[in-house]
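Below is one structure, written out as structure tokens; comments come after it.
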Number of protein chains: 2
Amino acid sequence: MDFEFLKPLFNEDAKGKIVLLVMDGLGGLPIVEGGKTELEAANTPNMDALAARSNLGLHHSVPYGVTPGSGQAHLGLFGYDPVKYEIGRGVLSALGVDFDLGPNDLAARGNFCTVDGQGVITDRRAGRIPTEEGARLCELLKANVKLPGVELFLVPEKEYRFVFVIRGEGLSGNVSDTDPQAVGKKAYIAEATAPEAERTAEIIREFVRQGNAILAAEHPANSFVLRGFAEMPKWPRFNDVWGVNALAIAMYPMYRGVSKVVGMTVMPPAASMEEEITMLEQNWDKYDFFFVHIKKTDSYGEDGNFEGKVHIIEEVDQLLPRILALNPDTLIITGDHSTPAKLKSHSWHPVPTLLYAKDCRPDGIASFGERACVAGSLGPRFDATDLMPFALGHAGRLVKYGA
Amino acid sequence: MDFEFLKPLFNEDAKGKIVLLVMDGLGGLPIVEGGKTELEAANTPNMDALAARSNLGLHHSVPYGVTPGSGQAHLGLFGYDPVKYEIGRGVLSALGVDFDLGPNDLAARGNFCTVDGQGVITDRRAGRIPTEEGARLCELLKANVKLPGVELFLVPEKEYRFVFVIRGEGLSGNVSDTDPQAVGKKAYIAEATAPEAERTAEIIREFVRQGNAILAAEHPANSFVLRGFAEMPKWPRFNDVWGVNALAIAMYPMYRGVSKVVGMTVMPPAASMEEEITMLEQNWDKYDFFFVHIKKTDSYGEDGNFEGKVHIIEEVDQLLPRILALNPDTLIITGDHSTPAKLKSHSWHPVPTLLYAKDCRPDGIASFGERACVAGSLGPRFDATDLMPFALGHAGRLVKYGA
């Protein structure tokens with residue numbers, strides 16, 4: 001979809017409201033041969049009843065067979081082809097720790113590591129140092145490194161991981177990684193990959209010099225590597241692309257972050273799924289597109305906890321009447337990707353999707369599950385980026401193309 | 001589909017005949033929850049029996065979610081992506097009144113309107129003047145405007161609408177609209193948007209000057225606006241693109257017009273659906289591709305007349321044996337878009353499609369309806385532009401690609 005194609009078709013009188021309810025990692029797999037997936041196993045009377053009045057199908061956000069990351073998969077749902085719209089690793093890391101990345105910021109993913117006397121990396125994770133140790137090292141570096149003309153931020157992540165951000169005028173992400181991503185090698189020297197990044201590369205090399213001197217006496221984390229230098233993307237804004245006023249409701253930093261990348265208004269984190277729905281209710285009159293994100297389906301999937309994931313789906317089902325009571329013109333229930341408990345990880349399997357609208361042509365399939373969705377009219381393997389035009393059309397937000 | 005790809009594959013010995021039977025606005029919606037669509041409700045024993053020996057599916061001609069106009073949707077059926085192959089508004093209007101638009105013609109859509117003493121538009125439709133009054137004003141302008149070097153045609157449409165055409169050497173459609181499409185504004189000045197259109201823009205400005213002077217004493221239609229200046233597109237011809245000799249049989253101007261745009265031979269309007277089939281029979285030996293257009297399904301849909309639309313579908317079903325008696329190698333039965341009686345308008349819903357061929361691999365679904373088509377082997381949401389290659393292949397008109 002060429003974004004420009006739709007713009008002349010925006011219906012200026014449109015009032016239709018759209019809800020995109022994403023259960024992270026929704027798609028699943030049977031644990032036993034011939035068994036049910038998590039979604040099929042869940043007791044979901046409200047979703048099943050809605051399914052009978054809806055269109056069903058399964059989407060994928062990256063080429064089928066490829067497993068997407070969470071940020072990428074959400075871009076797909078938002079209608080931005082994640083193969084074309086690349087978010088740099090550094091930006092994803094910054095979003096993941098809720099860092100408020102601005103237009104003058106350059107971010108990278110950092111790893112503390114162990115090097116020998118010649119600077120050769122002997123442990124890429126520095127023995128998986130505790131998270132508190134990583135935080136102490138970030139503080140140590142921040143207190144002692146002096147970089148002229150830029151502000152430095154170091155945000156600890158889990159264990160040996162941290163986020164590196166420098167803020168200043170004229171910084172550029174066109175700098176090569178220092179992380180060789182292998183043991184037995186020295187860290188690479190950061191080099192500009194475009195002329196405008198020469199000064200940035202020099203700043204990073206200076207940070208590496210000072211930082212290594214400061215960490216030399218530490219053990220086991222006596223060095224660090226950086227990768228994925230990136231600035232906040234400058235993409236068309238979601239509201240301009242789709243002609244809506246969008247609100248994002250999500251508890252986890254990554255999802256608020258990717259919503260912010262596309263320019264949505266983002267709510268502060270709710271304390272529970274129930275509070276997320278309360279936020280939806282309280283803001284119903286102020287916006288016309290609502291992205292609501294449920295995290296725990298994915299978390300249980302990653303943990304291999306089939307029953308836990310089933311239970312969360314059932315809890316969401318119990319919240320559904322509150323959403324339906326708002327009378328959305330289009331309601332999409334889907335996931336960003338699959339996270340089958342069986343695999344304990346994201347997977348490439350297409351993602352079950354339900355699209356309800358007053359004037360959809362119902363498939364009449366009274367069940368929301370992977371195999372039910374295969375028989376649905378959205379098709380068994382449609383592009384996630386199609387969802388936004390579907391939603392806009394069904395919500396009466398597009399006028400006729402031609403006469 | 002890249003048109004050039006197929007050309008080396010045309011089977012020079014092919015004799016296979018293809019019929020594309022289009023029931024305009026065929027796709028529908030249930031009126032009551034859980035009910036049937038128009039096509040599902042219709043008693044169509046002949047189509048159902050054929051469906052069992054056919055491939056079923058649903059197509060869309062523009063990105064799903066977007067509602068196509070009739071001209072655009074037919075381009076899709078003819079294999080021309082309507083997003084890429086744009087027909088200007090003026091050309092569509094000229095086609096709609098059966099104006100025989102030639103290569104030296106420039107057309108625009110005109111509206112009579114009411115302006116105040118300062119030229120500000122106070123009524124964009126001039127109080128919806130009667131059609132006869134619009135015709136009188138067209139005659140008045142035609143009789144009194146003098147444009148050097150070009151021939152002027154003004155064809156009345158319904159009420160305040162008319163078609164503006166000038167004929168002459170070197171005219172260009174790269175001229176901006178005079179229609180501001182809002183009340184409270186003056187008409188815009190027509191400007192060239194490309195250097196080669198300077199002379200054309202000056203001719204149009206002259207027409208506006210003289211025309212406004214002539215209408216100044218009229219009431220309420222004392223002015224007019226023009227939009228969508230466009231020339232007949234210069235596209236690859238249907239017969240060259242698909243390697244066939246095509247005949248179009250349609251009762252309404254728009255459909256004969258869009259057939260003419262792609263270079264088909266076009267029959268004069270028939271008096272009835274029965275006569276359309278007679279034309280098909282009488283020309284069976286002279287052509288190998290036949291586009292047959294049924295209008296009334298769409299008209300009843302636009303009127304919100306569910307039963308009327310059902311009845312027309314049943315009438316077409318009764319004509320089907322006459323088409324089958326001709327023994328077509330490929331027969332496609334579909335619509336150009338959906339026009340659900342429930343919505344009284346075109347819609348974005350995909351369009352039920354039946355493709356019969358002697359050597360198709362039958363789906364074995366003995367019912368032609370929207371939900372039956374969801375389960376069909378053409379898929380629940382395929383590109384309309386795929387139909388022509390499907391038809392050619394099934395008719396034995398394509399040789400093997402490669403060895």
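Following the order of the structure tokens, first chain is A, next is B, and so on, with residues numbered from 1 inside each chain and ligands from 1 in the order they appear.
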
Check your understanding: Would you list which chain A residues are within 12 Å of chain B using only C-alpha atoms, as a PyMOL selection string?
Key -> chain A and resi 1-11+52-57+330+355+357-366+373-383+385-403

Residues from the last selection, C-alpha atoms, saved as a PDB file, in the first residue's frame:
ATOM      1  CA  MET A   1       0.000   0.000   0.000  1.00  0.00           C
ATOM      2  CA  ASP A   2       1.390   3.313  -1.112  1.00  0.00           C
ATOM      3  CA  PHE A   3       0.469   5.676   1.709  1.00  0.00           C
ATOM      4  CA  GLU A   4      -0.210   8.455  -0.805  1.00  0.00           C
ATOM      5  CA  PHE A   5      -2.906   6.427  -2.560  1.00  0.00           C
ATOM      6  CA  LEU A   6      -5.277   6.545   0.406  1.00  0.00           C
ATOM      7  CA  LYS A   7      -4.938  10.213   1.321  1.00  0.00           C
ATOM      8  CA  PRO A   8      -7.390  11.579  -1.285  1.00  0.00           C
ATOM      9  CA  LEU A   9      -9.882   8.947  -0.088  1.00  0.00           C
ATOM     10  CA  PHE A  10     -10.078  10.025   3.558  1.00  0.00           C
ATOM     11  CA  ASN A  11     -13.704  10.704   4.434  1.00  0.00           C
ATOM     12  CA  ALA A  52     -19.662 -15.528  14.109  1.00  0.00           C
ATOM     13  CA  ARG A  53     -20.386 -11.896  13.163  1.00  0.00           C
ATOM     14  CA  SER A  54     -16.844 -11.152  11.954  1.00  0.00           C
ATOM     15  CA  ASN A  55     -14.230 -11.854   9.299  1.00  0.00           C
ATOM     16  CA  LEU A  56     -11.454 -14.235  10.282  1.00  0.00           C
ATOM     17  CA  GLY A  57      -7.995 -14.898   8.892  1.00  0.00           C
ATOM     18  CA  THR A 330     -14.279  -1.693  13.695  1.00  0.00           C
ATOM     19  CA  LEU A 355     -12.159  -8.255  12.290  1.00  0.00           C
ATOM     20  CA  ALA A 357     -17.534  -4.338  11.866  1.00  0.00           C
ATOM     21  CA  LYS A 358     -21.235  -3.592  11.677  1.00  0.00           C
ATOM     22  CA  ASP A 359     -21.210  -3.996   7.903  1.00  0.00           C
ATOM     23  CA  CYS A 360     -18.610  -6.670   7.507  1.00  0.00           C
ATOM     24  CA  ARG A 361     -19.854  -9.707   5.580  1.00  0.00           C
ATOM     25  CA  PRO A 362     -19.768 -12.279   8.396  1.00  0.00           C
ATOM     26  CA  ASP A 363     -18.019 -15.568   7.780  1.00  0.00           C
ATOM     27  CA  GLY A 364     -20.416 -17.217  10.213  1.00  0.00           C
ATOM     28  CA  ILE A 365     -17.644 -19.188  11.916  1.00  0.00           C
ATOM     29  CA  ALA A 366     -18.526 -19.175  15.633  1.00  0.00           C
ATOM     30  CA  CYS A 373      -9.240 -18.601  10.986  1.00  0.00           C
ATOM     31  CA  VAL A 374      -7.823 -20.677   8.115  1.00  0.00           C
ATOM     32  CA  ALA A 375     -11.385 -20.942   6.774  1.00  0.00           C
ATOM     33  CA  GLY A 376     -12.082 -17.225   7.149  1.00  0.00           C
ATOM     34  CA  SER A 377     -12.564 -14.633   4.439  1.00  0.00           C
ATOM     35  CA  LEU A 378      -9.462 -12.590   5.308  1.00  0.00           C
ATOM     36  CA  GLY A 379      -7.471 -15.564   4.105  1.00  0.00           C
ATOM     37  CA  PRO A 380      -5.054 -17.938   5.795  1.00  0.00           C
ATOM     38  CA  ARG A 381      -1.935 -15.858   5.181  1.00  0.00           C
ATOM     39  CA  PHE A 382      -2.575 -12.166   4.560  1.00  0.00           C
ATOM     40  CA  ASP A 383      -0.208  -9.238   4.947  1.00  0.00           C
ATOM     41  CA  THR A 385       0.019  -4.224   6.593  1.00  0.00           C
ATOM     42  CA  ASP A 386      -3.386  -4.746   4.945  1.00  0.00           C
ATOM     43  CA  LEU A 387      -5.140  -4.518   8.299  1.00  0.00           C
ATOM     44  CA  MET A 388      -5.179  -0.726   8.508  1.00  0.00           C
ATOM     45  CA  PRO A 389      -6.904  -0.227   5.120  1.00  0.00           C
ATOM     46  CA  PHE A 390      -9.364  -2.993   6.061  1.00  0.00           C
ATOM     47  CA  ALA A 391     -10.092  -1.232   9.322  1.00  0.00           C
ATOM     48  CA  LEU A 392     -10.506   2.188   7.708  1.00  0.00           C
ATOM     49  CA  GLY A 393     -12.851   0.866   5.005  1.00  0.00           C
ATOM     50  CA  HIS A 394     -15.007  -1.036   7.455  1.00  0.00           C
ATOM     51  CA  ALA A 395     -15.172   2.008   9.750  1.00  0.00           C
ATOM     52  CA  GLY A 396     -16.514   4.173   6.916  1.00  0.00           C
ATOM     53  CA  ARG A 397     -13.383   6.312   6.842  1.00  0.00           C
ATOM     54  CA  LEU A 398     -12.676   6.003   3.086  1.00  0.00           C
ATOM     55  CA  VAL A 399     -14.654   7.410   0.171  1.00  0.00           C
ATOM     56  CA  LYS A 400     -14.985   5.703  -3.197  1.00  0.00           C
ATOM     57  CA  TYR A 401     -11.984   5.532  -5.530  1.00  0.00           C
ATOM     58  CA  GLY A 402     -13.231   6.875  -8.857  1.00  0.00           C
ATOM     59  CA  ALA A 403     -16.800   7.119 -10.105  1.00  0.00           C
TER      60      ALA A 403
END

Practice item. Run DSSP on the backbone of this structure and report the residues of region 216-332 of chain B it assigns to strand (DSSP E), as number ranges by chain. Key: B: 223-231, 246-249, 265-266, 289-294, 330-332

Exercise for review: Write out as a list in words which residues come within 10 Å of Phe207 (chain B) when counting only C-alpha atoms, dropping same-chain ones fewer than 6 positions away.
Suggested key: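 The residues that qualify are Leu141, Val145, Lys146, Leu147, Leu152, Ala201 and Ala213 of chain B.
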
Review point. Can you tell me, as a list in words, what residues are no more than 10 Å from Gln318 (chain A) when counting only C-alpha atoms, ignoring any on the same chain fewer than 2 positions away?
Key: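 Residues near the query, excluding close chain neighbours: Asn43, Thr44, Pro45, Asn46, Met47, Ile312, Ile313, Glu314, Glu315, Val316, Leu320, Pro321 and Arg322 of chain A.
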
Exercise for review: Write out as number ranges by chain which residues come within 7 Å of His293 (chain B) when counting only C-alpha atoms, dropping same-chain ones fewer than 2 positions away.
Suggested key: B: 21-23, 249-250, 291, 295

Review point. Looking only at the backbone, which of the residues in region 145-309 of chain B does DSSP tag as alpha helix (DSSP H), as a PyMOL selection string?
Key: chain B and resi 198-215+238-242+253-261+273-282+296-303+306-309

Please produce a file of those selected residues containing C-alpha atoms, as a PDB file, in the first residue's frame.
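Now in out_14.pdb:
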ATOM      1  CA  GLU B 198      -0.344  26.728 -21.648  1.00  0.00           C
ATOM      2  CA  ARG B 199      -2.429  27.087 -24.787  1.00  0.00           C
ATOM      3  CA  THR B 200      -5.087  24.677 -23.515  1.00  0.00           C
ATOM      4  CA  ALA B 201      -5.354  26.583 -20.227  1.00  0.00           C
ATOM      5  CA  GLU B 202      -5.826  29.853 -22.126  1.00  0.00           C
ATOM      6  CA  ILE B 203      -8.623  28.302 -24.224  1.00  0.00           C
ATOM      7  CA  ILE B 204     -10.345  27.113 -21.047  1.00  0.00           C
ATOM      8  CA  ARG B 205      -9.985  30.533 -19.400  1.00  0.00           C
ATOM      9  CA  GLU B 206     -11.526  32.072 -22.519  1.00  0.00           C
ATOM     10  CA  PHE B 207     -14.420  29.607 -22.349  1.00  0.00           C
ATOM     11  CA  VAL B 208     -14.950  30.538 -18.698  1.00  0.00           C
ATOM     12  CA  ARG B 209     -14.897  34.302 -19.508  1.00  0.00           C
ATOM     13  CA  GLN B 210     -17.364  34.065 -22.377  1.00  0.00           C
ATOM     14  CA  GLY B 211     -19.530  31.476 -20.630  1.00  0.00           C
ATOM     15  CA  ASN B 212     -19.904  33.495 -17.451  1.00  0.00           C
ATOM     16  CA  ALA B 213     -20.881  36.571 -19.470  1.00  0.00           C
ATOM     17  CA  ILE B 214     -23.554  34.556 -21.295  1.00  0.00           C
ATOM     18  CA  LEU B 215     -24.966  33.050 -18.074  1.00  0.00           C
ATOM     19  CA  PHE B 238      -6.548  -5.228 -24.505  1.00  0.00           C
ATOM     20  CA  ASN B 239      -6.160  -7.393 -27.610  1.00  0.00           C
ATOM     21  CA  ASP B 240      -2.394  -6.860 -27.632  1.00  0.00           C
ATOM     22  CA  VAL B 241      -2.005  -7.311 -23.906  1.00  0.00           C
ATOM     23  CA  TRP B 242      -3.872 -10.632 -23.765  1.00  0.00           C
ATOM     24  CA  PRO B 253     -22.493   4.024 -21.688  1.00  0.00           C
ATOM     25  CA  MET B 254     -19.912   3.767 -18.880  1.00  0.00           C
ATOM     26  CA  TYR B 255     -19.203   0.111 -19.605  1.00  0.00           C
ATOM     27  CA  ARG B 256     -19.092   0.469 -23.341  1.00  0.00           C
ATOM     28  CA  GLY B 257     -16.830   3.457 -22.688  1.00  0.00           C
ATOM     29  CA  VAL B 258     -14.320   1.694 -20.476  1.00  0.00           C
ATOM     30  CA  SER B 259     -14.235  -1.166 -23.008  1.00  0.00           C
ATOM     31  CA  LYS B 260     -13.438   1.385 -25.678  1.00  0.00           C
ATOM     32  CA  VAL B 261     -10.690   2.898 -23.531  1.00  0.00           C
ATOM     33  CA  MET B 273     -30.341  -8.850 -21.190  1.00  0.00           C
ATOM     34  CA  GLU B 274     -31.855 -11.404 -23.576  1.00  0.00           C
ATOM     35  CA  GLU B 275     -30.685  -9.350 -26.538  1.00  0.00           C
ATOM     36  CA  GLU B 276     -27.219  -9.126 -25.016  1.00  0.00           C
ATOM     37  CA  ILE B 277     -27.050 -12.925 -25.067  1.00  0.00           C
ATOM     38  CA  THR B 278     -28.356 -12.944 -28.629  1.00  0.00           C
ATOM     39  CA  MET B 279     -25.498 -10.603 -29.565  1.00  0.00           C
ATOM     40  CA  LEU B 280     -23.105 -13.044 -27.919  1.00  0.00           C
ATOM     41  CA  GLU B 281     -24.542 -15.923 -29.952  1.00  0.00           C
ATOM     42  CA  GLN B 282     -24.485 -14.007 -33.218  1.00  0.00           C
ATOM     43  CA  LYS B 296     -29.454  -4.013 -13.177  1.00  0.00           C
ATOM     44  CA  THR B 297     -27.913  -5.901 -10.259  1.00  0.00           C
ATOM     45  CA  ASP B 298     -26.060  -2.711  -9.376  1.00  0.00           C
ATOM     46  CA  SER B 299     -29.053  -0.440  -9.966  1.00  0.00           C
ATOM     47  CA  TYR B 300     -31.229  -2.429  -7.557  1.00  0.00           C
ATOM     48  CA  GLY B 301     -28.368  -2.521  -5.059  1.00  0.00           C
ATOM     49  CA  GLU B 302     -28.046   1.266  -5.221  1.00  0.00           C
ATOM     50  CA  ASP B 303     -31.803   1.550  -4.692  1.00  0.00           C
ATOM     51  CA  PHE B 306     -32.746  -6.527  -2.071  1.00  0.00           C
ATOM     52  CA  GLU B 307     -35.540  -8.505  -3.730  1.00  0.00           C
ATOM     53  CA  GLY B 308     -35.093  -6.693  -7.036  1.00  0.00           C
ATOM     54  CA  LYS B 309     -31.404  -7.577  -7.071  1.00  0.00           C
TER      55      LYS B 309
END
